[in-house]
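Working notes, structure below.
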Amino acid sequence: MLWGGRFKKEFDQQALKFSSSLNIDINLFDEDILVSLVHSEMLSKVGLITNEDFEKIKNGLNRISEEYKNRKWKPDSEKFEDIHSAIELRLSELIGETAGKLHTGRSRNDQIATDEKLWIKRVSSYLENSISGFQKTLIETAGGNIYTIIPGYTHLQRAQPVSFAFHLLAYVEMLQRDKRRFEFVRNEADESPLGCGALAGSTLPLDRNFTSEKLEFREPTRNALDSISDRDFFLDFLNAVSIGMMHLSRLAEELILWTSSEWSFVKLPEEFTTGSSLMPQKKNPDMAELIRGKAGRTFGNYISLITTIKGLPLSYNRDLQEDKEQVFDSFFTYADSLMIMNKMFEKIEINKNRFKEELKKSFILSTDLADWLVLNGVAFRKAHRIVGELVKFCEENKISFSDLTIEQLKEINNVFTEDTLKYLDVEASLERKQTFGSPNPKLVKEQIEFWKKQLA
Ligand code: ARG
């Protein structure tokens, strides 16, 4: 135990088991060692421990690190409350009394907050890289599908033709916003709480600028009370993961639809699909379904933590120990989902001609036709009505736009000409788009180039 002086009785075994977070905060092992190394270096620099003490502590900590990595030492959650106590007690086994000097001027309260911020900065930048990797894969796929025409939807009803490249670029945009959220998180976590002690700083001459700089924080935090009780950076992280997972979940949903026989648009690599134990013909998109399914728990993680914190008086309360599981779970869920999604897209097969013929027989160019009328002097509202009548005429006669003759067109309205028939070409529709941000293949190519440079 890290305390003792005032206690006569041993801590209850069951209470220890109930309260130990070691199995979870073991994820902070590297950060915890690093924080102790820097803290002890600072102690020696300001003269609170000797240089010899520091060397001993440093060697001890490095050895623990090695032992842990080589699986020679495994902290036992039946014996220790958390990673800090486990490491400190191992250190005392290795270097004896000197280990007792490491915690000078420090509390586990500022220690854990510092560990957590370091971890958040590290994994946020890891996630930013993974997101960039996935964006690159999407752009690669987009490059080969600039002319792959698919129906664009609103209300899941066919609306206007777009290209598959354009559809994928929409996700690239979403992913870019996701990345910016993690950049924000890193920035928020960039102040060092080390040296804030339990809640009110220290009477010892600790050098907070030194530790902040060594740990590569921008600067030390300004208010010890806030520093100890702040977990906003965790909430920001959980929020960033939630939105990221929500995006992946939407893409997963689309993949699931696209692979159905009804769509027959996408084939997922066999390595990432499963069969049925009963129905021999099945090839199921389980990975996409799991990504969609796992999004839920990341949303729950946010609600869970914000609820834990909401009634806490300043500063540290043991409730705060319950901040880690959700954060680690969200990180691993999101990191794995990104990795699997990326791998699936690397080997995805696109049925490029799937909609080519089908869309000719649809009314997907209705808006284009209304635009044609506008360009030929008809007021938009009137144009809308005329095309509506045309659709009705086709439906009643069981034909599509492409079956229309000039006579039939003229019967509906005399404004139509031969030129109208040429307009009813799905591919030409994309080329006609003029506005910035539209699926015009020329603009899509420019976008792909833009992203390639951006992500280089
Ligand atoms: N392991 C604890 C946590 O994660 C930090 C230790 C502070 N505990 C305490 N009793 N002051 O929150």
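Ordering of the structure tokens sets the chain letters (A, B, ...); residue numbers start at 1 within each chain; ligands are numbered from 1 in the order shown.
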Give the strand (DSSP E) residues of stretch 74-260 of chain A, as DSSP finds them on the backbone, and put them as a PyMOL selection string. chain A and resi 149-154+157-163+191-192+219-220
Resulting file, chosen residues, N, CA and C atoms, as a PDB file, in the first residue's frame:
ATOM      1  N   ILE A 149     -21.285   5.460 -63.143  1.00  0.00           N
ATOM      2  CA  ILE A 149     -22.505   6.200 -62.800  1.00  0.00           C
ATOM      3  C   ILE A 149     -23.360   5.390 -61.837  1.00  0.00           C
ATOM      4  N   ILE A 150     -23.791   6.034 -60.794  1.00  0.00           N
ATOM      5  CA  ILE A 150     -24.725   5.386 -59.865  1.00  0.00           C
ATOM      6  C   ILE A 150     -25.866   6.372 -59.586  1.00  0.00           C
ATOM      7  N   PRO A 151     -26.981   5.855 -59.152  1.00  0.00           N
ATOM      8  CA  PRO A 151     -28.038   6.792 -58.780  1.00  0.00           C
ATOM      9  C   PRO A 151     -27.672   7.493 -57.476  1.00  0.00           C
ATOM     10  N   GLY A 152     -27.855   8.789 -57.425  1.00  0.00           N
ATOM     11  CA  GLY A 152     -27.746   9.490 -56.147  1.00  0.00           C
ATOM     12  C   GLY A 152     -29.135   9.504 -55.535  1.00  0.00           C
ATOM     13  N   TYR A 153     -29.203   9.423 -54.220  1.00  0.00           N
ATOM     14  CA  TYR A 153     -30.498   9.310 -53.554  1.00  0.00           C
ATOM     15  C   TYR A 153     -30.790  10.476 -52.633  1.00  0.00           C
ATOM     16  N   THR A 154     -32.064  10.781 -52.475  1.00  0.00           N
ATOM     17  CA  THR A 154     -32.538  11.485 -51.280  1.00  0.00           C
ATOM     18  C   THR A 154     -33.748  10.687 -50.828  1.00  0.00           C
ATOM     19  N   GLN A 157     -34.735   7.424 -52.314  1.00  0.00           N
ATOM     20  CA  GLN A 157     -35.419   7.346 -53.606  1.00  0.00           C
ATOM     21  C   GLN A 157     -34.435   7.900 -54.633  1.00  0.00           C
ATOM     22  N   ARG A 158     -34.404   7.288 -55.808  1.00  0.00           N
ATOM     23  CA  ARG A 158     -33.482   7.760 -56.837  1.00  0.00           C
ATOM     24  C   ARG A 158     -33.741   9.218 -57.159  1.00  0.00           C
ATOM     25  N   ALA A 159     -32.667  10.004 -57.133  1.00  0.00           N
ATOM     26  CA  ALA A 159     -32.831  11.449 -57.276  1.00  0.00           C
ATOM     27  C   ALA A 159     -32.160  11.986 -58.535  1.00  0.00           C
ATOM     28  N   GLN A 160     -30.817  11.938 -58.556  1.00  0.00           N
ATOM     29  CA  GLN A 160     -30.070  12.419 -59.719  1.00  0.00           C
ATOM     30  C   GLN A 160     -28.844  11.529 -59.888  1.00  0.00           C
ATOM     31  N   PRO A 161     -28.373  11.356 -61.126  1.00  0.00           N
ATOM     32  CA  PRO A 161     -27.179  10.518 -61.293  1.00  0.00           C
ATOM     33  C   PRO A 161     -25.939  11.198 -60.693  1.00  0.00           C
ATOM     34  N   VAL A 162     -25.088  10.391 -60.106  1.00  0.00           N
ATOM     35  CA  VAL A 162     -23.778  10.872 -59.643  1.00  0.00           C
ATOM     36  C   VAL A 162     -22.756   9.807 -60.053  1.00  0.00           C
ATOM     37  N   SER A 163     -21.504  10.033 -59.728  1.00  0.00           N
ATOM     38  CA  SER A 163     -20.527   8.969 -60.000  1.00  0.00           C
ATOM     39  C   SER A 163     -20.123   8.342 -58.667  1.00  0.00           C
ATOM     40  N   GLU A 191      -1.628  20.747 -22.285  1.00  0.00           N
ATOM     41  CA  GLU A 191      -1.115  21.466 -21.106  1.00  0.00           C
ATOM     42  C   GLU A 191      -0.795  20.459 -20.004  1.00  0.00           C
ATOM     43  N   SER A 192       0.346  20.625 -19.392  1.00  0.00           N
ATOM     44  CA  SER A 192       0.809  19.640 -18.418  1.00  0.00           C
ATOM     45  C   SER A 192       0.269  19.877 -17.005  1.00  0.00           C
ATOM     46  N   GLU A 219       2.623  23.917 -22.544  1.00  0.00           N
ATOM     47  CA  GLU A 219       2.882  24.715 -21.342  1.00  0.00           C
ATOM     48  C   GLU A 219       2.226  24.030 -20.140  1.00  0.00           C
ATOM     49  N   PRO A 220       2.591  24.442 -18.908  1.00  0.00           N
ATOM     50  CA  PRO A 220       1.903  23.862 -17.755  1.00  0.00           C
ATOM     51  C   PRO A 220       0.495  24.453 -17.616  1.00  0.00           C
TER      52      PRO A 220
END
Would you kindly return, as a list in words, each protein, DNA or RNA residue with an atom no farther than 9 Å from any atom of stretch 433-448 of chain A, considering only C-alpha atoms and excluding same-chain residues fewer than 6 positions away? Ile139, Glu140, Ala142, Gly143, Ile146, Tyr147, Pro161, Val162, Ser163, Ala165, Phe166, His167 and Leu169 of chain A
Convert the current residue selection to file output with C-alpha atoms, as a PDB file, in the first residue's frame.
ATOM      1  CA  ILE A 139      -9.239   8.349 -53.317  1.00  0.00           C
ATOM      2  CA  GLU A 140      -7.500   5.484 -55.069  1.00  0.00           C
ATOM      3  CA  ALA A 142     -12.455   7.037 -56.596  1.00  0.00           C
ATOM      4  CA  GLY A 143      -9.779   7.510 -59.272  1.00  0.00           C
ATOM      5  CA  ILE A 146     -14.960   8.807 -62.107  1.00  0.00           C
ATOM      6  CA  TYR A 147     -17.264   7.536 -64.866  1.00  0.00           C
ATOM      7  CA  PRO A 161     -27.179  10.518 -61.293  1.00  0.00           C
ATOM      8  CA  VAL A 162     -23.778  10.872 -59.643  1.00  0.00           C
ATOM      9  CA  SER A 163     -20.527   8.969 -60.000  1.00  0.00           C
ATOM     10  CA  ALA A 165     -16.035   8.598 -57.271  1.00  0.00           C
ATOM     11  CA  PHE A 166     -18.174  11.557 -56.219  1.00  0.00           C
ATOM     12  CA  HIS A 167     -19.918   9.404 -53.615  1.00  0.00           C
ATOM     13  CA  LEU A 169     -15.264  11.828 -52.087  1.00  0.00           C
TER      14      LEU A 169
END
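Of the residues listed (A:Glu322, A:Glu188, A:Glu10, A:Glu88), A:Glu322 shows the shortest atom-to-atom separation from ligand 1; distances use only C-alpha atoms and all ligand atoms.
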Which residues are near ligand 1 in this structure, taking near to mean any atom at most 10 Å from a ligand atom and counting only C-alpha atoms and all ligand atoms? Format them as an mmCIF file with all heavy atoms, in the first residue's frame.
data_model
loop_
_atom_site.group_PDB
_atom_site.id
_atom_site.type_symbol
_atom_site.label_atom_id
_atom_site.label_comp_id
_atom_site.auth_asym_id
_atom_site.auth_seq_id
_atom_site.Cartn_x
_atom_site.Cartn_y
_atom_site.Cartn_z
ATOM 1 N N LEU A 2 0.339 2.300 -0.622
ATOM 2 C CA LEU A 2 1.090 3.545 -0.721
ATOM 3 C C LEU A 2 0.895 4.419 0.518
ATOM 4 O O LEU A 2 1.561 5.400 0.708
ATOM 5 C CB LEU A 2 0.650 4.333 -1.955
ATOM 6 C CG LEU A 2 0.922 3.656 -3.297
ATOM 7 C CD1 LEU A 2 0.385 4.502 -4.422
ATOM 8 C CD2 LEU A 2 2.404 3.392 -3.491
ATOM 9 N N TRP A 3 -0.103 4.061 1.313
ATOM 10 C CA TRP A 3 -0.289 4.784 2.562
ATOM 11 C C TRP A 3 0.029 3.797 3.672
ATOM 12 O O TRP A 3 0.510 2.720 3.399
ATOM 13 C CB TRP A 3 -1.722 5.336 2.651
ATOM 14 C CG TRP A 3 -2.775 4.286 2.498
ATOM 15 C CD1 TRP A 3 -3.313 3.516 3.482
ATOM 16 C CD2 TRP A 3 -3.395 3.851 1.292
ATOM 17 N NE1 TRP A 3 -4.226 2.635 2.966
ATOM 18 C CE2 TRP A 3 -4.297 2.819 1.617
ATOM 19 C CE3 TRP A 3 -3.267 4.220 -0.059
ATOM 20 C CZ2 TRP A 3 -5.081 2.162 0.671
ATOM 21 C CZ3 TRP A 3 -4.056 3.566 -0.991
ATOM 22 C CH2 TRP A 3 -4.949 2.553 -0.631
ATOM 23 N N SER A 19 -11.903 -2.224 -6.121
ATOM 24 C CA SER A 19 -11.453 -0.872 -6.454
ATOM 25 C C SER A 19 -10.231 -0.826 -7.370
ATOM 26 O O SER A 19 -9.873 0.260 -7.838
ATOM 27 C CB SER A 19 -11.147 -0.088 -5.169
ATOM 28 O OG SER A 19 -10.144 -0.762 -4.438
ATOM 29 N N SER A 20 -9.651 -1.985 -7.659
ATOM 30 C CA SER A 20 -8.446 -1.934 -8.490
ATOM 31 C C SER A 20 -8.787 -1.617 -9.947
ATOM 32 O O SER A 20 -9.706 -2.185 -10.525
ATOM 33 C CB SER A 20 -7.701 -3.273 -8.435
ATOM 34 O OG SER A 20 -6.612 -3.213 -9.341
ATOM 35 N N SER A 21 -8.000 -0.694 -10.516
ATOM 36 C CA SER A 21 -8.188 -0.365 -11.938
ATOM 37 C C SER A 21 -6.999 -0.854 -12.762
ATOM 38 O O SER A 21 -6.868 -0.506 -13.931
ATOM 39 C CB SER A 21 -8.342 1.148 -12.101
ATOM 40 O OG SER A 21 -7.193 1.806 -11.607
ATOM 41 N N LEU A 22 -6.160 -1.659 -12.125
ATOM 42 C CA LEU A 22 -4.907 -2.043 -12.769
ATOM 43 C C LEU A 22 -5.097 -2.723 -14.131
ATOM 44 O O LEU A 22 -4.350 -2.441 -15.077
ATOM 45 C CB LEU A 22 -4.122 -2.970 -11.826
ATOM 46 C CG LEU A 22 -2.728 -3.380 -12.271
ATOM 47 C CD1 LEU A 22 -1.872 -2.183 -12.616
ATOM 48 C CD2 LEU A 22 -2.046 -4.194 -11.177
ATOM 49 N N ILE A 24 -7.067 -2.151 -16.281
ATOM 50 C CA ILE A 24 -7.444 -1.157 -17.296
ATOM 51 C C ILE A 24 -6.342 -0.114 -17.484
ATOM 52 O O ILE A 24 -5.919 0.170 -18.592
ATOM 53 C CB ILE A 24 -8.779 -0.499 -16.907
ATOM 54 C CG1 ILE A 24 -9.884 -1.566 -16.981
ATOM 55 C CG2 ILE A 24 -9.117 0.659 -17.818
ATOM 56 C CD1 ILE A 24 -11.055 -1.279 -16.092
ATOM 57 N N ASP A 25 -5.837 0.430 -16.357
ATOM 58 C CA ASP A 25 -4.842 1.500 -16.546
ATOM 59 C C ASP A 25 -3.452 0.953 -16.902
ATOM 60 O O ASP A 25 -2.525 1.724 -17.144
ATOM 61 C CB ASP A 25 -4.807 2.494 -15.375
ATOM 62 C CG ASP A 25 -4.494 1.860 -14.035
ATOM 63 O OD1 ASP A 25 -3.838 0.809 -14.013
ATOM 64 O OD2 ASP A 25 -4.911 2.435 -13.008
ATOM 65 N N GLU A 81 -3.708 -1.446 -6.466
ATOM 66 C CA GLU A 81 -4.874 -0.632 -6.796
ATOM 67 C C GLU A 81 -4.799 -0.092 -8.225
ATOM 68 O O GLU A 81 -5.785 -0.064 -8.945
ATOM 69 C CB GLU A 81 -4.929 0.540 -5.806
ATOM 70 C CG GLU A 81 -6.063 1.488 -6.042
ATOM 71 C CD GLU A 81 -5.940 2.734 -5.158
ATOM 72 O OE1 GLU A 81 -5.636 2.578 -3.955
ATOM 73 O OE2 GLU A 81 -6.142 3.842 -5.667
ATOM 74 N N ASP A 82 -3.597 0.345 -8.607
ATOM 75 C CA ASP A 82 -3.469 0.931 -9.949
ATOM 76 C C ASP A 82 -2.025 0.798 -10.447
ATOM 77 O O ASP A 82 -1.147 0.299 -9.742
ATOM 78 C CB ASP A 82 -3.938 2.396 -9.960
ATOM 79 C CG ASP A 82 -3.215 3.258 -8.924
ATOM 80 O OD1 ASP A 82 -2.090 2.893 -8.505
ATOM 81 O OD2 ASP A 82 -3.779 4.294 -8.514
ATOM 82 N N ILE A 83 -1.828 1.262 -11.674
ATOM 83 C CA ILE A 83 -0.518 1.119 -12.304
ATOM 84 C C ILE A 83 0.558 1.901 -11.552
ATOM 85 O O ILE A 83 1.707 1.456 -11.438
ATOM 86 C CB ILE A 83 -0.595 1.547 -13.806
ATOM 87 C CG1 ILE A 83 0.724 1.308 -14.525
ATOM 88 C CG2 ILE A 83 -1.016 2.990 -13.970
ATOM 89 C CD1 ILE A 83 1.118 -0.122 -14.641
ATOM 90 N N HIS A 84 0.160 3.039 -10.973
ATOM 91 C CA HIS A 84 1.164 3.848 -10.247
ATOM 92 C C HIS A 84 1.721 3.084 -9.041
ATOM 93 O O HIS A 84 2.923 3.042 -8.823
ATOM 94 C CB HIS A 84 0.585 5.178 -9.755
ATOM 95 C CG HIS A 84 -0.430 5.787 -10.654
ATOM 96 N ND1 HIS A 84 -0.154 6.103 -11.956
ATOM 97 C CD2 HIS A 84 -1.727 6.138 -10.439
ATOM 98 C CE1 HIS A 84 -1.241 6.625 -12.510
ATOM 99 N NE2 HIS A 84 -2.212 6.650 -11.615
ATOM 100 N N SER A 85 0.810 2.500 -8.271
ATOM 101 C CA SER A 85 1.287 1.785 -7.078
ATOM 102 C C SER A 85 2.071 0.533 -7.460
ATOM 103 O O SER A 85 3.069 0.191 -6.813
ATOM 104 C CB SER A 85 0.139 1.420 -6.136
ATOM 105 O OG SER A 85 -1.099 1.536 -6.743
ATOM 106 N N SER A 107 1.402 13.716 -6.532
ATOM 107 C CA SER A 107 0.238 12.945 -6.108
ATOM 108 C C SER A 107 -0.142 12.053 -7.287
ATOM 109 O O SER A 107 0.180 12.371 -8.446
ATOM 110 C CB SER A 107 -0.903 13.900 -5.781
ATOM 111 O OG SER A 107 -2.138 13.239 -5.876
ATOM 112 N N ARG A 108 -0.842 10.960 -6.982
ATOM 113 C CA ARG A 108 -1.336 10.178 -8.108
ATOM 114 C C ARG A 108 -2.370 10.971 -8.903
ATOM 115 O O ARG A 108 -2.652 10.655 -10.049
ATOM 116 C CB ARG A 108 -1.930 8.854 -7.612
ATOM 117 C CG ARG A 108 -0.870 7.821 -7.260
ATOM 118 C CD ARG A 108 -1.502 6.565 -6.740
ATOM 119 N NE ARG A 108 -2.232 6.815 -5.501
ATOM 120 C CZ ARG A 108 -3.223 6.050 -5.051
ATOM 121 N NH1 ARG A 108 -3.607 4.987 -5.732
ATOM 122 N NH2 ARG A 108 -3.823 6.337 -3.916
ATOM 123 N N ASN A 109 -2.903 12.007 -8.268
ATOM 124 C CA ASN A 109 -3.916 12.817 -8.967
ATOM 125 C C ASN A 109 -3.326 13.591 -10.140
ATOM 126 O O ASN A 109 -3.903 13.618 -11.226
ATOM 127 C CB ASN A 109 -4.589 13.789 -7.987
ATOM 128 C CG ASN A 109 -5.305 13.061 -6.869
ATOM 129 O OD1 ASN A 109 -5.392 11.826 -6.891
ATOM 130 N ND2 ASN A 109 -5.819 13.796 -5.888
ATOM 131 N N ASP A 110 -2.189 14.247 -9.906
ATOM 132 C CA ASP A 110 -1.584 14.936 -11.066
ATOM 133 C C ASP A 110 -0.891 13.931 -11.991
ATOM 134 O O ASP A 110 -0.824 14.132 -13.199
ATOM 135 C CB ASP A 110 -0.645 16.093 -10.652
ATOM 136 C CG ASP A 110 0.539 15.675 -9.793
ATOM 137 O OD1 ASP A 110 0.500 14.574 -9.212
ATOM 138 O OD2 ASP A 110 1.498 16.478 -9.680
ATOM 139 N N GLN A 111 -0.438 12.831 -11.404
ATOM 140 C CA GLN A 111 0.228 11.803 -12.210
ATOM 141 C C GLN A 111 -0.733 11.198 -13.233
ATOM 142 O O GLN A 111 -0.420 11.120 -14.433
ATOM 143 C CB GLN A 111 0.733 10.708 -11.268
ATOM 144 C CG GLN A 111 1.667 9.707 -11.920
ATOM 145 C CD GLN A 111 2.189 8.692 -10.887
ATOM 146 O OE1 GLN A 111 2.002 8.871 -9.675
ATOM 147 N NE2 GLN A 111 2.825 7.655 -11.359
ATOM 148 N N ILE A 112 -1.933 10.810 -12.770
ATOM 149 C CA ILE A 112 -2.875 10.161 -13.690
ATOM 150 C C ILE A 112 -3.334 11.140 -14.765
ATOM 151 O O ILE A 112 -3.423 10.794 -15.952
ATOM 152 C CB ILE A 112 -4.083 9.521 -12.947
ATOM 153 C CG1 ILE A 112 -4.955 8.713 -13.910
ATOM 154 C CG2 ILE A 112 -4.957 10.557 -12.248
ATOM 155 C CD1 ILE A 112 -4.300 7.506 -14.480
ATOM 156 N N ALA A 113 -3.584 12.385 -14.364
ATOM 157 C CA ALA A 113 -4.038 13.376 -15.356
ATOM 158 C C ALA A 113 -2.964 13.579 -16.429
ATOM 159 O O ALA A 113 -3.269 13.724 -17.617
ATOM 160 C CB ALA A 113 -4.389 14.690 -14.679
ATOM 161 N N ASP A 115 -0.524 11.324 -17.261
ATOM 162 C CA ASP A 115 -0.493 10.090 -18.077
ATOM 163 C C ASP A 115 -1.588 10.136 -19.148
ATOM 164 O O ASP A 115 -1.352 9.831 -20.316
ATOM 165 C CB ASP A 115 -0.799 8.853 -17.207
ATOM 166 C CG ASP A 115 0.336 8.494 -16.249
ATOM 167 O OD1 ASP A 115 1.340 9.232 -16.214
ATOM 168 O OD2 ASP A 115 0.208 7.464 -15.545
ATOM 169 N N GLU A 116 -2.773 10.503 -18.703
ATOM 170 C CA GLU A 116 -3.927 10.459 -19.615
ATOM 171 C C GLU A 116 -3.780 11.441 -20.769
ATOM 172 O O GLU A 116 -4.094 11.138 -21.913
ATOM 173 C CB GLU A 116 -5.215 10.757 -18.840
ATOM 174 C CG GLU A 116 -5.595 9.602 -17.906
ATOM 175 C CD GLU A 116 -6.858 9.849 -17.087
ATOM 176 O OE1 GLU A 116 -7.276 11.016 -16.945
ATOM 177 O OE2 GLU A 116 -7.424 8.863 -16.576
ATOM 178 N N ALA A 198 -1.875 17.053 -5.274
ATOM 179 C CA ALA A 198 -3.178 16.433 -5.044
ATOM 180 C C ALA A 198 -4.304 17.353 -5.506
ATOM 181 O O ALA A 198 -5.318 16.901 -6.016
ATOM 182 C CB ALA A 198 -3.352 16.086 -3.582
ATOM 183 N N ILE A 228 -6.538 18.919 -11.863
ATOM 184 C CA ILE A 228 -6.730 17.616 -11.247
ATOM 185 C C ILE A 228 -8.086 17.026 -11.604
ATOM 186 O O ILE A 228 -8.240 15.823 -11.751
ATOM 187 C CB ILE A 228 -6.620 17.763 -9.705
ATOM 188 C CG1 ILE A 228 -5.222 18.212 -9.320
ATOM 189 C CG2 ILE A 228 -7.013 16.488 -8.990
ATOM 190 C CD1 ILE A 228 -4.110 17.471 -10.017
ATOM 191 N N SER A 229 -9.065 17.900 -11.768
ATOM 192 C CA SER A 229 -10.421 17.378 -11.970
ATOM 193 C C SER A 229 -10.883 17.449 -13.420
ATOM 194 O O SER A 229 -11.961 16.979 -13.739
ATOM 195 C CB SER A 229 -11.411 18.132 -11.094
ATOM 196 O OG SER A 229 -11.255 19.518 -11.294
ATOM 197 N N TYR A 316 -10.265 16.174 -7.149
ATOM 198 C CA TYR A 316 -10.263 14.742 -7.440
ATOM 199 C C TYR A 316 -11.293 14.015 -6.595
ATOM 200 O O TYR A 316 -11.419 14.264 -5.394
ATOM 201 C CB TYR A 316 -8.870 14.126 -7.200
ATOM 202 C CG TYR A 316 -8.837 12.652 -7.583
ATOM 203 C CD1 TYR A 316 -8.598 12.267 -8.904
ATOM 204 C CD2 TYR A 316 -9.100 11.654 -6.648
ATOM 205 C CE1 TYR A 316 -8.611 10.937 -9.272
ATOM 206 C CE2 TYR A 316 -9.118 10.316 -7.009
ATOM 207 C CZ TYR A 316 -8.868 9.961 -8.330
ATOM 208 O OH TYR A 316 -8.896 8.640 -8.696
ATOM 209 N N ASN A 317 -12.038 13.130 -7.212
ATOM 210 C CA ASN A 317 -12.898 12.180 -6.509
ATOM 211 C C ASN A 317 -12.612 10.829 -7.130
ATOM 212 O O ASN A 317 -12.320 10.737 -8.326
ATOM 213 C CB ASN A 317 -14.377 12.517 -6.714
ATOM 214 C CG ASN A 317 -14.712 13.904 -6.185
ATOM 215 O OD1 ASN A 317 -15.056 14.065 -5.026
ATOM 216 N ND2 ASN A 317 -14.602 14.911 -7.043
ATOM 217 N N ARG A 318 -12.733 9.792 -6.334
ATOM 218 C CA ARG A 318 -12.358 8.477 -6.835
ATOM 219 C C ARG A 318 -13.220 8.045 -8.026
ATOM 220 O O ARG A 318 -12.803 7.217 -8.840
ATOM 221 C CB ARG A 318 -12.458 7.445 -5.705
ATOM 222 C CG ARG A 318 -11.878 6.070 -6.028
ATOM 223 C CD ARG A 318 -10.362 6.109 -6.250
ATOM 224 N NE ARG A 318 -9.864 4.809 -6.662
ATOM 225 C CZ ARG A 318 -9.537 3.835 -5.833
ATOM 226 N NH1 ARG A 318 -9.591 4.025 -4.530
ATOM 227 N NH2 ARG A 318 -9.122 2.691 -6.301
ATOM 228 N N ASP A 319 -14.404 8.650 -8.145
ATOM 229 C CA ASP A 319 -15.235 8.376 -9.328
ATOM 230 C C ASP A 319 -14.415 8.520 -10.615
ATOM 231 O O ASP A 319 -14.667 7.845 -11.607
ATOM 232 C CB ASP A 319 -16.413 9.363 -9.441
ATOM 233 C CG ASP A 319 -17.123 9.627 -8.126
ATOM 234 O OD1 ASP A 319 -16.444 9.824 -7.101
ATOM 235 O OD2 ASP A 319 -18.373 9.653 -8.149
ATOM 236 N N LEU A 320 -13.468 9.450 -10.569
ATOM 237 C CA LEU A 320 -12.702 9.750 -11.786
ATOM 238 C C LEU A 320 -11.890 8.553 -12.286
ATOM 239 O O LEU A 320 -11.490 8.509 -13.442
ATOM 240 C CB LEU A 320 -11.784 10.955 -11.563
ATOM 241 C CG LEU A 320 -12.481 12.329 -11.561
ATOM 242 C CD1 LEU A 320 -11.475 13.438 -11.282
ATOM 243 C CD2 LEU A 320 -13.179 12.590 -12.893
ATOM 244 N N GLN A 321 -11.664 7.612 -11.402
ATOM 245 C CA GLN A 321 -10.969 6.401 -11.837
ATOM 246 C C GLN A 321 -11.774 5.678 -12.924
ATOM 247 O O GLN A 321 -11.226 4.972 -13.759
ATOM 248 C CB GLN A 321 -10.769 5.460 -10.644
ATOM 249 C CG GLN A 321 -10.035 4.177 -10.999
ATOM 250 C CD GLN A 321 -9.909 3.265 -9.798
ATOM 251 O OE1 GLN A 321 -9.169 3.544 -8.873
ATOM 252 N NE2 GLN A 321 -10.654 2.170 -9.818
ATOM 253 N N GLU A 322 -13.082 5.905 -12.900
ATOM 254 C CA GLU A 322 -13.970 5.258 -13.876
ATOM 255 C C GLU A 322 -13.961 5.955 -15.235
ATOM 256 O O GLU A 322 -14.905 5.829 -15.998
ATOM 257 C CB GLU A 322 -15.403 5.219 -13.328
ATOM 258 C CG GLU A 322 -15.573 4.329 -12.102
ATOM 259 C CD GLU A 322 -15.252 2.876 -12.398
ATOM 260 O OE1 GLU A 322 -15.841 2.311 -13.336
ATOM 261 O OE2 GLU A 322 -14.382 2.300 -11.712
ATOM 262 N N ASP A 323 -12.901 6.711 -15.521
ATOM 263 C CA ASP A 323 -12.863 7.459 -16.785
ATOM 264 C C ASP A 323 -12.148 6.703 -17.903
ATOM 265 O O ASP A 323 -12.217 7.112 -19.050
ATOM 266 C CB ASP A 323 -12.156 8.817 -16.564
ATOM 267 C CG ASP A 323 -10.691 8.642 -16.140
ATOM 268 O OD1 ASP A 323 -10.283 7.516 -15.819
ATOM 269 O OD2 ASP A 323 -9.961 9.653 -16.119
ATOM 270 N N LYS A 324 -11.487 5.595 -17.548
ATOM 271 C CA LYS A 324 -10.541 5.033 -18.520
ATOM 272 C C LYS A 324 -11.117 3.985 -19.455
ATOM 273 O O LYS A 324 -10.804 3.955 -20.651
ATOM 274 C CB LYS A 324 -9.342 4.440 -17.789
ATOM 275 C CG LYS A 324 -8.551 5.462 -17.032
ATOM 276 C CD LYS A 324 -7.548 4.818 -16.102
ATOM 277 C CE LYS A 324 -7.133 5.796 -15.036
ATOM 278 N NZ LYS A 324 -8.256 6.286 -14.194
#
Quick one: DSSP alpha helix (DSSP H) residues in stretch 243-333 of chain A, as an MDAnalysis selection string? chainID A and resid 243:259 286:309 324:333
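Near A:Ile95, within a cut-off of 8 Å and counting only C-alpha atoms, sit the residues Lys56, Ile57 and Gly60 of chain A, with same-chain residues fewer than 6 positions away left out.
With only C-alpha atoms taken into account, the protein and nucleic acid residues at most 12 Å from A:Arg385 (excluding it and anything under 4 positions from it in its own chain) are Ser366, Thr367, Leu369, Ala370, Leu373, Val374, Val378, Ala379, Phe380, Arg381, Glu389, Leu390, Val391, Lys392, Ile412 and Asn413 of chain A.
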If you count only C-alpha atoms, which residues fall within 7 Å of stretch 120-135 of chain A, apart from same-chain ones fewer than 5 positions away, as a ChimeraX atom specification? /A:172,175,179,182,186,189,335,338,342,455
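Counting only C-alpha atoms and comparing A:Leu91, A:Leu37, A:Ile49, A:Leu268, the residue that lies closest to A:Asn351 is A:Leu268.
With only C-alpha atoms as the atoms that count, the residue of A:Leu375, A:Ile87, A:Ile243, A:Leu409 with the shortest distance to A:Ile26 is A:Ile87.
Between atom CA of A:Gln176 and atom CA of A:Ile350 there is a distance of 24.1 Å.
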If you count only C-alpha atoms, which residues fall within 7 Å of A:Ala200, apart from same-chain ones fewer than 2 positions away, as number ranges by chain? A: 196-198, 202, 224-225
Could you give me, as a VMD selection string, the residues within 7 Å of A:Met246, counting only C-alpha atoms and dropping anything in the same chain fewer than 4 positions from it? chain A and resid 242 250 295
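A straight line drawn from atom CA of A:Leu156 to atom CA of A:Glu254 is 11.0 Å long.
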What is the distance, in Å and to one decimal place, between atom CA of A:Thr333 and atom CA of A:Phe265? 27.8 Å
